[in-house]
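A.B. asks: The structure follows.
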Amino acid sequence: MAVTQRTNDAEQASRQRPTTRAALSSLQIPAYRTLWWAGVFSFMSVQGQFVLRGLLAWDLTEREGALGLVYLVFGLTMLVCTPFGGVVADRVSKKTVLVLTQALIAAAAGLMSLVVLTEVVTFWMLLLASVAQGLAFAFYGPARVAMSAELVGRDQLGNAITLSLLSMNGTRVFAPALAGVLAGIAVIGIGGAYLVSTIASLASLVQILRLPSMSPAMAEPRNPFSEIAAGVRYVRDDERLRNIVVSSFFVIMFGFNYVAFIPALVEGIFDLSDTWVGLVSSASAIGAVAVSFPLAARADGPGGLRIMALSGLGFGVGVMLLGGAPSIWVAFLIVIGIGGCTTAFQSMSNTLALTQTDDEMQGRVQSLMQLSFAGFGIAAAPIGALAEVIGLRLALVVMGAVAFIATAAFWSLERVGVRKPALR
């Protein structure tokens, strides 16, 4: 009897243990696999550009406030345009949206390469490139996530979103480091690194062109402002959806801003080279990839709210610890942990939000979720100014504390709301 019980327990544990096939289930769908590879090349380009933009801003000004300003214009552009990106994702072919936005990302990288290589680059050009990338992201993000949902269906939505984040975070293992290394090589420099980023963007565009064309979810388009208002009301009237969107906004807006100040941390506090900026930027991706596979296998199961809350709390603690890191190696290890928590938080918040959302609202709800990155860009400038007054280390502690408090408030609301009937 005991032997039989142990056998049954072993079989049950085996069934519950995440497998590679379960973790990669969405990639068995050819169209989603093409979209995934498009994301790999796109994020490879974008991750490199984030590092290069920070390096160039620091080289041109050597001020934390300038780093923040670069992200501010990126965030303001996303703030204005992202709601329209959600409407467009619901009313226009998502493939068309992805083609146009990826072409804009490639063009911005190519022009930055040209002005740096010809030695005519100025700070305002860097700001213009940030505007272009913010505009592209405002439309690219909602369309890509909503298309993932259409390609795989609701049963594999969590898996698809987690794998999408894996394509982003996997490139962060090497793309920022590669950008930093290339920028530090005299014969290549920042201009040559931007050229590599341009090539990666074009490779993504080729993959997007192979995607199937799909009909818009919205059958009868209305005034875009009315559609945006309808999306806001939809989120407002769903208590759980509202909690997810609001908490995600504050966690990303403040906590994720640590990435904007890595150049100042590495070069300004630890007095190290551009290469180290890329390496530290890549460290978060190590943690992200480490959690992606087990998370992908479980993302469509129960416990999503708990994973979201725990990872958000861990994210806030990690950013606070980064502010007190005594050496570059301690900072490197802390950023690995931050990367794992960030991926888990984003995966579950996006999965829970879209699972709660009707098909015709997917793009608009995703655009509201993506506004957190607009907030991240906008908050970078005042945080940068604050860092110049109180010091970068203390500013990081403040950022992490806000993320921690926002997550704790979300979990408290969920614990209270679990006894209330659903609003929809």
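Every chain in the structure tokens takes a letter, A first, then B, and so on in the order presented; its residues are numbered from 1, and the ligands are numbered from 1 following the presented order.
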Do you know which residues are at most 7 Å from Ser201 of chain A counting only C-alpha atoms, after dropping those on the same chain fewer than 4 positions away, and could you put them as an mmCIF file with C-alpha atoms, in the first residue's frame?

C.D. replies:
data_model
loop_
_atom_site.group_PDB
_atom_site.id
_atom_site.type_symbol
_atom_site.label_atom_id
_atom_site.label_comp_id
_atom_site.auth_asym_id
_atom_site.auth_seq_id
_atom_site.Cartn_x
_atom_site.Cartn_y
_atom_site.Cartn_z
ATOM 1 C CA PHE A 41 15.550 40.675 -33.589
ATOM 2 C CA SER A 42 13.498 43.750 -32.693
ATOM 3 C CA SER A 45 18.000 46.229 -31.661
ATOM 4 C CA GLN A 102 9.431 48.273 -37.002
ATOM 5 C CA ILE A 105 12.661 51.748 -35.292
ATOM 6 C CA ALA A 106 15.122 50.747 -38.029
ATOM 7 C CA SER A 197 21.246 47.755 -34.184
ATOM 8 C CA LEU A 205 11.052 43.546 -40.375
#

A.B. asks: Using only C-alpha atoms, determine which residues lie at most 12 Å from Ala283 of chain A, disregarding the query and same-chain residues fewer than 6 positions distant; provide the list as number ranges by chain.

C.D. replies: A: 169-177, 259, 262, 276-277, 289-290, 328-340

A.B. asks: Which residue out of A:Gly153, A:Gly312, A:Gly141, A:Gly303 has the minimum interatomic distance to Ser247 of chain A when only C-alpha atoms are used?

C.D. replies: A:Gly312

A.B. asks: Taking the backbone alone, and naming residues the way the document does, which bits of segment 143-349 of chain A are alpha helix (DSSP H) by DSSP, as an mmCIF file with C-alpha atoms, in the first residue's frame?

C.D. replies:
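Writing the result to out.cif gives the following:
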data_model
loop_
_atom_site.group_PDB
_atom_site.id
_atom_site.type_symbol
_atom_site.label_atom_id
_atom_site.label_comp_id
_atom_site.auth_asym_id
_atom_site.auth_seq_id
_atom_site.Cartn_x
_atom_site.Cartn_y
_atom_site.Cartn_z
ATOM 1 C CA ALA A 143 -0.431 45.306 -31.605
ATOM 2 C CA ARG A 144 2.202 42.663 -30.824
ATOM 3 C CA VAL A 145 0.639 41.458 -27.580
ATOM 4 C CA ALA A 146 -2.891 41.498 -29.007
ATOM 5 C CA MET A 147 -1.687 39.549 -32.058
ATOM 6 C CA SER A 148 -0.057 36.974 -29.769
ATOM 7 C CA ALA A 149 -3.438 36.455 -28.096
ATOM 8 C CA GLU A 150 -5.120 35.936 -31.465
ATOM 9 C CA LEU A 151 -2.507 33.501 -32.737
ATOM 10 C CA VAL A 152 -2.440 31.176 -29.707
ATOM 11 C CA LEU A 157 -2.178 33.190 -23.498
ATOM 12 C CA GLY A 158 0.006 33.142 -20.390
ATOM 13 C CA ASN A 159 2.560 30.904 -22.084
ATOM 14 C CA ALA A 160 2.677 33.150 -25.152
ATOM 15 C CA ILE A 161 3.127 36.336 -23.111
ATOM 16 C CA THR A 162 5.863 34.770 -20.998
ATOM 17 C CA LEU A 163 7.685 33.575 -24.113
ATOM 18 C CA SER A 164 7.299 37.045 -25.625
ATOM 19 C CA LEU A 165 9.022 38.441 -22.558
ATOM 20 C CA LEU A 166 11.643 35.715 -22.930
ATOM 21 C CA SER A 167 12.394 37.004 -26.439
ATOM 22 C CA MET A 168 12.886 40.450 -24.912
ATOM 23 C CA ASN A 169 14.835 39.358 -21.861
ATOM 24 C CA GLY A 170 16.858 36.721 -23.701
ATOM 25 C CA THR A 171 18.287 39.419 -25.943
ATOM 26 C CA ARG A 172 19.096 41.450 -22.839
ATOM 27 C CA VAL A 173 21.559 38.726 -21.848
ATOM 28 C CA PHE A 174 23.873 39.742 -24.662
ATOM 29 C CA ALA A 175 22.503 42.756 -26.599
ATOM 30 C CA PRO A 176 23.340 45.475 -24.020
ATOM 31 C CA ALA A 177 26.713 43.872 -23.344
ATOM 32 C CA LEU A 178 27.393 43.644 -27.079
ATOM 33 C CA ALA A 179 26.381 47.273 -27.551
ATOM 34 C CA GLY A 180 28.642 48.338 -24.685
ATOM 35 C CA VAL A 181 31.576 46.289 -25.982
ATOM 36 C CA LEU A 182 31.170 47.588 -29.543
ATOM 37 C CA ALA A 183 30.858 51.173 -28.278
ATOM 38 C CA GLY A 184 34.105 50.725 -26.325
ATOM 39 C CA GLY A 189 32.384 53.063 -31.400
ATOM 40 C CA ILE A 190 28.814 54.151 -30.732
ATOM 41 C CA GLY A 191 28.159 54.847 -34.415
ATOM 42 C CA GLY A 192 29.128 51.333 -35.472
ATOM 43 C CA ALA A 193 27.077 49.866 -32.622
ATOM 44 C CA TYR A 194 24.032 51.805 -33.885
ATOM 45 C CA LEU A 195 24.657 50.307 -37.332
ATOM 46 C CA VAL A 196 24.510 46.782 -35.871
ATOM 47 C CA SER A 197 21.246 47.755 -34.184
ATOM 48 C CA THR A 198 19.867 48.905 -37.536
ATOM 49 C CA ILE A 199 20.674 45.552 -39.136
ATOM 50 C CA ALA A 200 18.875 43.702 -36.331
ATOM 51 C CA SER A 201 15.794 45.912 -36.857
ATOM 52 C CA LEU A 202 15.740 45.100 -40.551
ATOM 53 C CA ALA A 203 15.971 41.367 -39.770
ATOM 54 C CA SER A 204 12.876 41.767 -37.561
ATOM 55 C CA LEU A 205 11.052 43.546 -40.375
ATOM 56 C CA VAL A 206 11.716 40.609 -42.712
ATOM 57 C CA GLN A 207 10.118 38.224 -40.194
ATOM 58 C CA ILE A 208 7.081 40.481 -39.703
ATOM 59 C CA LEU A 209 6.456 40.516 -43.458
ATOM 60 C CA PRO A 224 -10.880 57.228 -31.825
ATOM 61 C CA PHE A 225 -11.363 59.484 -28.801
ATOM 62 C CA SER A 226 -14.660 57.737 -28.052
ATOM 63 C CA GLU A 227 -12.913 54.389 -28.374
ATOM 64 C CA ILE A 228 -10.161 55.467 -25.959
ATOM 65 C CA ALA A 229 -12.800 56.660 -23.487
ATOM 66 C CA ALA A 230 -14.626 53.337 -23.840
ATOM 67 C CA GLY A 231 -11.403 51.485 -23.027
ATOM 68 C CA VAL A 232 -10.811 53.607 -19.928
ATOM 69 C CA ARG A 233 -14.388 53.027 -18.725
ATOM 70 C CA TYR A 234 -14.016 49.318 -19.365
ATOM 71 C CA VAL A 235 -10.967 49.130 -17.075
ATOM 72 C CA ARG A 236 -12.491 51.467 -14.495
ATOM 73 C CA GLU A 239 -12.276 46.105 -10.102
ATOM 74 C CA ARG A 240 -9.617 43.453 -10.627
ATOM 75 C CA LEU A 241 -8.565 44.809 -14.012
ATOM 76 C CA ARG A 242 -8.354 48.310 -12.553
ATOM 77 C CA ASN A 243 -6.146 47.115 -9.692
ATOM 78 C CA ILE A 244 -3.808 45.298 -12.071
ATOM 79 C CA VAL A 245 -3.435 48.260 -14.444
ATOM 80 C CA VAL A 246 -2.907 50.869 -11.693
ATOM 81 C CA SER A 247 -0.430 48.803 -9.666
ATOM 82 C CA SER A 248 1.545 47.871 -12.780
ATOM 83 C CA PHE A 249 1.727 51.554 -13.702
ATOM 84 C CA PHE A 250 3.335 52.611 -10.409
ATOM 85 C CA ILE A 262 22.927 52.295 -14.858
ATOM 86 C CA PRO A 263 25.428 54.440 -16.858
ATOM 87 C CA ASP A 274 31.310 51.668 -21.140
ATOM 88 C CA THR A 275 31.791 47.905 -21.374
ATOM 89 C CA TRP A 276 30.672 47.504 -17.757
ATOM 90 C CA VAL A 277 27.498 49.470 -18.495
ATOM 91 C CA GLY A 278 26.527 46.829 -21.032
ATOM 92 C CA LEU A 279 27.440 43.968 -18.714
ATOM 93 C CA VAL A 280 25.402 45.288 -15.786
ATOM 94 C CA SER A 281 22.488 46.026 -18.124
ATOM 95 C CA SER A 282 22.662 42.406 -19.274
ATOM 96 C CA ALA A 283 22.694 41.032 -15.732
ATOM 97 C CA SER A 284 18.945 41.499 -15.256
ATOM 98 C CA ALA A 285 18.367 39.336 -18.319
ATOM 99 C CA ILE A 286 20.160 36.416 -16.677
ATOM 100 C CA GLY A 287 17.590 36.387 -13.885
ATOM 101 C CA ALA A 288 14.794 36.955 -16.394
ATOM 102 C CA VAL A 289 15.729 33.958 -18.522
ATOM 103 C CA ALA A 290 16.204 31.794 -15.427
ATOM 104 C CA VAL A 291 12.572 32.283 -14.356
ATOM 105 C CA SER A 292 11.044 32.319 -17.851
ATOM 106 C CA PHE A 293 10.979 28.575 -18.522
ATOM 107 C CA PRO A 294 9.356 27.424 -15.255
ATOM 108 C CA LEU A 295 7.038 30.442 -15.381
ATOM 109 C CA ALA A 296 5.982 29.752 -18.987
ATOM 110 C CA ALA A 297 4.915 26.222 -18.049
ATOM 111 C CA ARG A 298 2.773 27.505 -15.153
ATOM 112 C CA GLY A 304 -1.067 34.090 -10.941
ATOM 113 C CA LEU A 305 -2.059 36.840 -8.528
ATOM 114 C CA ARG A 306 0.258 35.474 -5.849
ATOM 115 C CA ILE A 307 3.183 35.276 -8.305
ATOM 116 C CA MET A 308 2.508 38.842 -9.443
ATOM 117 C CA ALA A 309 2.433 40.148 -5.860
ATOM 118 C CA LEU A 310 5.536 38.296 -4.632
ATOM 119 C CA SER A 311 7.593 39.240 -7.682
ATOM 120 C CA GLY A 312 6.532 42.898 -7.389
ATOM 121 C CA LEU A 313 7.601 42.985 -3.749
ATOM 122 C CA GLY A 314 10.906 41.332 -4.641
ATOM 123 C CA PHE A 315 11.408 43.855 -7.451
ATOM 124 C CA GLY A 316 11.022 46.779 -5.047
ATOM 125 C CA VAL A 317 13.395 45.254 -2.499
ATOM 126 C CA GLY A 318 15.971 44.573 -5.212
ATOM 127 C CA VAL A 319 16.017 48.180 -6.438
ATOM 128 C CA MET A 320 16.416 49.412 -2.849
ATOM 129 C CA LEU A 321 19.349 47.025 -2.324
ATOM 130 C CA LEU A 322 20.925 48.231 -5.572
ATOM 131 C CA GLY A 323 21.093 51.698 -4.067
ATOM 132 C CA ILE A 328 30.110 46.399 -8.988
ATOM 133 C CA TRP A 329 29.946 42.638 -8.378
ATOM 134 C CA VAL A 330 27.323 42.991 -5.655
ATOM 135 C CA ALA A 331 25.376 45.303 -7.955
ATOM 136 C CA PHE A 332 25.692 42.691 -10.725
ATOM 137 C CA LEU A 333 24.181 39.978 -8.503
ATOM 138 C CA ILE A 334 21.380 42.247 -7.286
ATOM 139 C CA VAL A 335 20.435 43.175 -10.861
ATOM 140 C CA ILE A 336 20.179 39.458 -11.709
ATOM 141 C CA GLY A 337 17.545 39.108 -8.991
ATOM 142 C CA ILE A 338 15.759 42.250 -10.154
ATOM 143 C CA GLY A 339 15.569 40.794 -13.662
ATOM 144 C CA GLY A 340 13.866 37.633 -12.458
ATOM 145 C CA CYS A 341 11.309 39.558 -10.425
ATOM 146 C CA THR A 342 10.613 42.004 -13.259
ATOM 147 C CA THR A 343 9.883 39.206 -15.725
ATOM 148 C CA ALA A 344 7.558 37.378 -13.351
ATOM 149 C CA PHE A 345 5.696 40.599 -12.528
ATOM 150 C CA GLN A 346 5.271 41.676 -16.148
ATOM 151 C CA SER A 347 4.304 38.195 -17.348
ATOM 152 C CA MET A 348 1.591 37.718 -14.772
ATOM 153 C CA SER A 349 0.234 41.279 -14.855
#

A.B. asks: Pick from A:Ala379, A:Leu354, A:Leu127, A:Leu24: nearest to Ala57 of chain A, with only C-alpha atoms counted?

C.D. replies: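 Smallest distance to Ala57 of chain A is found for A:Leu127.
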
A.B. asks: Can you measure atom CA of Met44 of chain A to atom CA of Ile188 of chain A for me? One decimal in Å is fine.

C.D. replies: 18.0 Å

A.B. asks: Excluding Leu69 of chain A and residues on its chain fewer than 2 positions from it, collect all residues at most 10 Å away from it, counting only C-alpha atoms, and give them as a list in words.

C.D. replies: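 Neighbouring residues, sequence-local ones excluded: Ala57, Glu64, Gly65, Ala66, Leu67, Tyr71, Leu72, Val73, Phe74, Gly75, Leu127, Ser130, Gly377, Ile378, Ala379, Ala380, Ala381, Pro382, Ile383, Gly384 and Ala385 of chain A.
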
A.B. asks: Quick one: write out the picked residues with N, CA and C atoms as a CSV table (one decimal), in the first residue's frame?

C.D. replies:
chain,number,residue,atom,x,y,z
A,57,ALA,N,24.2,60.1,-24.2
A,57,ALA,CA,23.7,61.2,-23.3
A,57,ALA,C,24.8,61.5,-22.3
A,64,GLU,N,23.2,63.3,-14.7
A,64,GLU,CA,22.1,62.4,-14.5
A,64,GLU,C,20.8,63.0,-15.1
A,65,GLY,N,20.7,64.3,-15.0
A,65,GLY,CA,19.5,65.0,-15.5
A,65,GLY,C,19.3,64.8,-17.0
A,66,ALA,N,20.4,64.8,-17.7
A,66,ALA,CA,20.4,64.5,-19.1
A,66,ALA,C,19.9,63.1,-19.5
A,67,LEU,N,20.4,62.2,-18.7
A,67,LEU,CA,19.9,60.8,-18.9
A,67,LEU,C,18.4,60.7,-18.6
A,71,TYR,N,14.9,60.0,-21.4
A,71,TYR,CA,13.8,59.1,-21.2
A,71,TYR,C,12.5,59.8,-21.0
A,72,LEU,N,12.6,61.1,-20.6
A,72,LEU,CA,11.3,61.9,-20.5
A,72,LEU,C,10.6,62.1,-21.8
A,73,VAL,N,11.4,62.5,-22.8
A,73,VAL,CA,10.8,62.7,-24.1
A,73,VAL,C,10.2,61.4,-24.7
A,74,PHE,N,10.9,60.3,-24.4
A,74,PHE,CA,10.4,59.0,-24.8
A,74,PHE,C,9.1,58.7,-24.1
A,75,GLY,N,9.0,59.0,-22.8
A,75,GLY,CA,7.8,58.7,-22.0
A,75,GLY,C,6.7,59.6,-22.4
A,127,LEU,N,17.5,63.3,-28.5
A,127,LEU,CA,16.1,63.5,-28.1
A,127,LEU,C,15.1,63.1,-29.2
A,130,SER,N,14.7,59.5,-29.4
A,130,SER,CA,13.9,59.0,-28.3
A,130,SER,C,12.4,59.2,-28.7
A,377,GLY,N,9.3,56.6,-18.5
A,377,GLY,CA,10.1,57.6,-19.2
A,377,GLY,C,9.9,59.0,-18.6
A,378,ILE,N,8.7,59.3,-18.3
A,378,ILE,CA,8.4,60.7,-17.7
A,378,ILE,C,9.0,60.8,-16.3
A,379,ALA,N,8.9,59.8,-15.5
A,379,ALA,CA,9.5,59.9,-14.2
A,379,ALA,C,11.0,60.0,-14.1
A,380,ALA,N,11.7,59.5,-15.2
A,380,ALA,CA,13.1,59.5,-15.3
A,380,ALA,C,13.7,60.9,-15.1
A,381,ALA,N,13.1,61.9,-15.7
A,381,ALA,CA,13.6,63.3,-15.6
A,381,ALA,C,13.6,63.8,-14.1
A,382,PRO,N,12.4,63.8,-13.5
A,382,PRO,CA,12.4,64.3,-12.1
A,382,PRO,C,13.3,63.4,-11.2
A,383,ILE,N,13.3,62.1,-11.4
A,383,ILE,CA,14.2,61.2,-10.6
A,383,ILE,C,15.6,61.6,-10.8
A,384,GLY,N,16.0,61.9,-12.1
A,384,GLY,CA,17.4,62.3,-12.4
A,384,GLY,C,17.7,63.6,-11.7
A,385,ALA,N,16.8,64.5,-11.7
A,385,ALA,CA,17.0,65.8,-11.0
A,385,ALA,C,17.1,65.5,-9.5

A.B. asks: Looking at A:Met112, A:Leu117, A:Val46, A:Val266, which one is nearest to Leu392 of chain A, with distances taken over only C-alpha atoms?

C.D. replies: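 Of all the options, A:Val266 lies closest to Leu392 of chain A.
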
A.B. asks: Here is a test: counting only C-alpha atoms, which residue of A:Ala353, A:Ala395, A:Ala138, A:Ala409 is nearest to Thr82 of chain A?

C.D. replies: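 Smallest separation from Thr82 of chain A among the options: A:Ala138.
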
A.B. asks: Between atom CA of Ser26 of chain A and atom CA of Phe373 of chain A, what is the spacing in Å?

C.D. replies: 25.8 Å
